[in-house]
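Engineer: Quick one: the structure is below, and I'll ask about it shortly.
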Amino acid sequence: MPAPVNKLKQALADGKQTIGCWLVLGDSYAAEIAASAGFDWCVIDNEHAPNDLRSTLAQLQALSQTPNQTPNQTPNQTPVSAVVRPPIGETHILKQFLDIGCQSFVVPMVESAAQAAELVRATRYPPGGVRGVGASTARASNFNAHADYLHTANDQICLFVQVESRAGLAALPDILAVDGVDGVFIGPSDLSADLGHLGNPHAPAVVTAIDGALDAIAASGKASGIFAVDPVDAERYLARGVSFVAVASDINSMTTALRQTASRFRQ
Ligand code: 3PY
Ligand code: MG
């Protein structure tokens with residue numbers, strides 16, 4: 001049996017637009033709720049959330065077992081796609097996430113084609129890559145039930161690299177030319193900081209830079225992604241054709257709902 005087909009990679013290759021939820025609570029119970037809410041994918045964030053290998057594993061397990069089911073609709077028995085954001089794009093960190101069964105990644109702070117190429121190699125077995133071979137004892141191969149895992153795993157990896165700095169923007173054309181990079185994800189918060197507008201991703205210079213980057217990504221034929229939990233931003237980016245839009249985060253949804261309810265009954 002081969003490695004599981006990566007539905008997200010397939011959808012992006014088919015030119016589909018997808019929406020997702022960022023998981024920053026670091027909690028598998030919350031992941032289970034997000035998994036059934038109707039998103040195409042969920043990102044388990046290890047960069048800006050209290051996650052580690054074990055909490056990521058618990059969330060991968062929750063996501064893989066929860067049918068996607070929006071209220072009052074027939075369940076879509078295919079589980080939501082799981083994506084991991086590592087704290088940083090290091091080969092040994094990616095190796096561990098790969099072995100616990102993650103097939104899709106959003107890697108922060110990529111600033112050169114060489115760095116992007118190294119990430120491609122980190123996520124692929126030799127001869128094209130440097131991924132360590134230990135999957136026979138790992139969840140990735142369903143504990144060796146996927147007998148053809150080693151020879152089929154490379155084709156099911158979906159890799160987004162994050163461009164979120166001036167250096168990343170300058171290297172964008174070269175990054176887009178790297179074989180094995182499925183898409184480029186823009187991080188508006190870090191990008192605005194590096195452009196001199198800390199905390200203001202809506203500054204005109206930032207918006208212009210983001211739009212220019214999205215145009216370049218679209219022209220390359222690769223998938224584009226962006227973090228846009230403000231619904232006005234999300235609608236704008238979806239209308240622009242962005243293919244991987246983070247339209248929600250578990251913490252954002254929770255804080256918004258709880259604060260609204262508290263404020264309503266406090267009055
Ligand atoms: C950013 O906005 O910097 C991000 O990385 C989004 O998660
Ligand atoms: Mg960022």
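Going through the structure tokens in order, the chains are called A, B, and so on, while each chain numbers its residues from 1 and the ligands are numbered from 1 in the order shown.
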Find the residues of chain A that sit at most 7 Å from ligand 2; for each, write down the nearest two atoms and how far apart they are in Å, to one decimal. Count only C-alpha atoms and all ligand atoms. Sort by chain, then by number going up, and give it as JSON lines.
Structural biologist:
{"residue": "A:Pro108", "atom": "CA", "partner": "ligand 2", "partner_atom_place_in_ligand_line": "1 (Mg)", "distance": 6.2}
{"residue": "A:Met109", "atom": "CA", "partner": "ligand 2", "partner_atom_place_in_ligand_line": "1 (Mg)", "distance": 7.0}
{"residue": "A:Glu164", "atom": "CA", "partner": "ligand 2", "partner_atom_place_in_ligand_line": "1 (Mg)", "distance": 6.2}
{"residue": "A:Gly187", "atom": "CA", "partner": "ligand 2", "partner_atom_place_in_ligand_line": "1 (Mg)", "distance": 4.6}
{"residue": "A:Pro188", "atom": "CA", "partner": "ligand 2", "partner_atom_place_in_ligand_line": "1 (Mg)", "distance": 6.9}
{"residue": "A:Ser189", "atom": "CA", "partner": "ligand 2", "partner_atom_place_in_ligand_line": "1 (Mg)", "distance": 5.8}
{"residue": "A:Asp190", "atom": "CA", "partner": "ligand 2", "partner_atom_place_in_ligand_line": "1 (Mg)", "distance": 4.6}
Engineer: Please write the residues from the selection above to a file, keeping N, CA, C and O atoms, as a short mmCIF file (atom, residue, chain, number, x, y, z; two decimals), in the first residue's frame.
Structural biologist:
data_model
loop_
_atom_site.label_atom_id
_atom_site.label_comp_id
_atom_site.auth_asym_id
_atom_site.auth_seq_id
_atom_site.Cartn_x
_atom_site.Cartn_y
_atom_site.Cartn_z
N PRO A 108 8.08 28.82 8.20
CA PRO A 108 8.24 30.28 8.34
C PRO A 108 9.60 30.79 7.88
O PRO A 108 10.58 30.03 7.81
N MET A 109 9.63 32.10 7.59
CA MET A 109 10.88 32.86 7.42
C MET A 109 11.84 32.27 6.38
O MET A 109 12.99 31.99 6.69
N GLU A 164 8.05 36.52 4.29
CA GLU A 164 7.54 37.48 5.27
C GLU A 164 8.62 38.46 5.71
O GLU A 164 8.67 38.87 6.87
N GLY A 187 3.20 36.05 5.15
CA GLY A 187 2.90 36.34 6.56
C GLY A 187 2.81 37.84 6.74
O GLY A 187 3.84 38.51 6.88
N PRO A 188 1.59 38.39 6.77
CA PRO A 188 1.44 39.86 6.83
C PRO A 188 2.03 40.49 8.09
O PRO A 188 2.52 41.62 8.03
N SER A 189 2.01 39.79 9.22
CA SER A 189 2.49 40.41 10.46
C SER A 189 4.00 40.61 10.42
O SER A 189 4.50 41.72 10.69
N ASP A 190 4.74 39.55 10.10
CA ASP A 190 6.20 39.69 10.05
C ASP A 190 6.62 40.59 8.90
O ASP A 190 7.58 41.37 9.03
#
Engineer: Could you list, as a ChimeraX atom specification, all the residues within 12 Å of ligand 1, counting only C-alpha atoms and all ligand atoms?
Structural biologist: /A:21-24,43-49,84-88,106-110,160-165,184-195,198-202,206,210,225-230,245-249
Engineer: With DSSP run on the backbone, what are the strand (DSSP E) residues within segment 143-248 of chain A? I'd like them as a list of chain:residue names.
Structural biologist: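 Taking segment 143-248 of chain A and keeping strand (DSSP E) gives A:Cys158, A:Leu159, A:Phe160, A:Val161, A:Gln162, A:Val163, A:Gly183, A:Val184, A:Phe185, A:Ile186, A:Ala223, A:Ser224, A:Gly225, A:Ile226, A:Phe227, A:Phe244, A:Val245, A:Ala246, A:Val247, A:Ala248.
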Engineer: Going by DSSP on the backbone, which bits of segment 139-263 of chain A are helix (DSSP H, G or I)? Write them as a PyMOL selection string, please.
Structural biologist: chain A and resi 139-141+149-152+154-156+166-176+188-194+204-220+231-239+250-263
Engineer: Have a look at atom CA of Pro126 of chain A and atom CA of Cys42 of chain A and let me know their distance in Å, one decimal.
Structural biologist: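 So the two atoms, atom CA of Pro126 of chain A and atom CA of Cys42 of chain A, lie 28.8 Å apart.
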Engineer: Counting only C-alpha atoms, which of A:Ser64, A:Gln103, A:Thr91, A:Gln17 gets nearest to Leu119 of chain A?
Structural biologist: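 Nearest candidate to Leu119 of chain A out of A:Ser64, A:Gln103, A:Thr91, A:Gln17: A:Thr91.
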Engineer: Please provide the set of residues having any atom within 7 Å of Val178 of chain A, restricted to only C-alpha atoms, with same-chain residues fewer than 4 positions apart removed, written as a list in words.
Structural biologist: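 Once the adjacent positions are removed, what remains is Ala113, Ala116, Ala117 and Asp174 of chain A.
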Engineer: Write out the residues from the selection above, keeping N, CA, C and O atoms, as a PDB file, in the first residue's frame.
Structural biologist:
ATOM      1  N   ALA A 113      16.352  31.102  -2.273  1.00  0.00           N
ATOM      2  CA  ALA A 113      16.068  29.871  -3.012  1.00  0.00           C
ATOM      3  C   ALA A 113      16.849  28.710  -2.409  1.00  0.00           C
ATOM      4  O   ALA A 113      16.362  27.571  -2.364  1.00  0.00           O
ATOM      5  N   ALA A 116      14.917  27.420   0.466  1.00  0.00           N
ATOM      6  CA  ALA A 116      13.734  26.687  -0.003  1.00  0.00           C
ATOM      7  C   ALA A 116      14.145  25.304  -0.527  1.00  0.00           C
ATOM      8  O   ALA A 116      13.477  24.299  -0.247  1.00  0.00           O
ATOM      9  N   ALA A 117      15.253  25.249  -1.269  1.00  0.00           N
ATOM     10  CA  ALA A 117      15.714  23.972  -1.825  1.00  0.00           C
ATOM     11  C   ALA A 117      16.112  23.013  -0.694  1.00  0.00           C
ATOM     12  O   ALA A 117      15.879  21.796  -0.776  1.00  0.00           O
ATOM     13  N   ASP A 174      13.243  33.718  -7.366  1.00  0.00           N
ATOM     14  CA  ASP A 174      14.117  32.538  -7.279  1.00  0.00           C
ATOM     15  C   ASP A 174      13.467  31.424  -6.450  1.00  0.00           C
ATOM     16  O   ASP A 174      13.575  30.241  -6.775  1.00  0.00           O
TER      17      ASP A 174
END
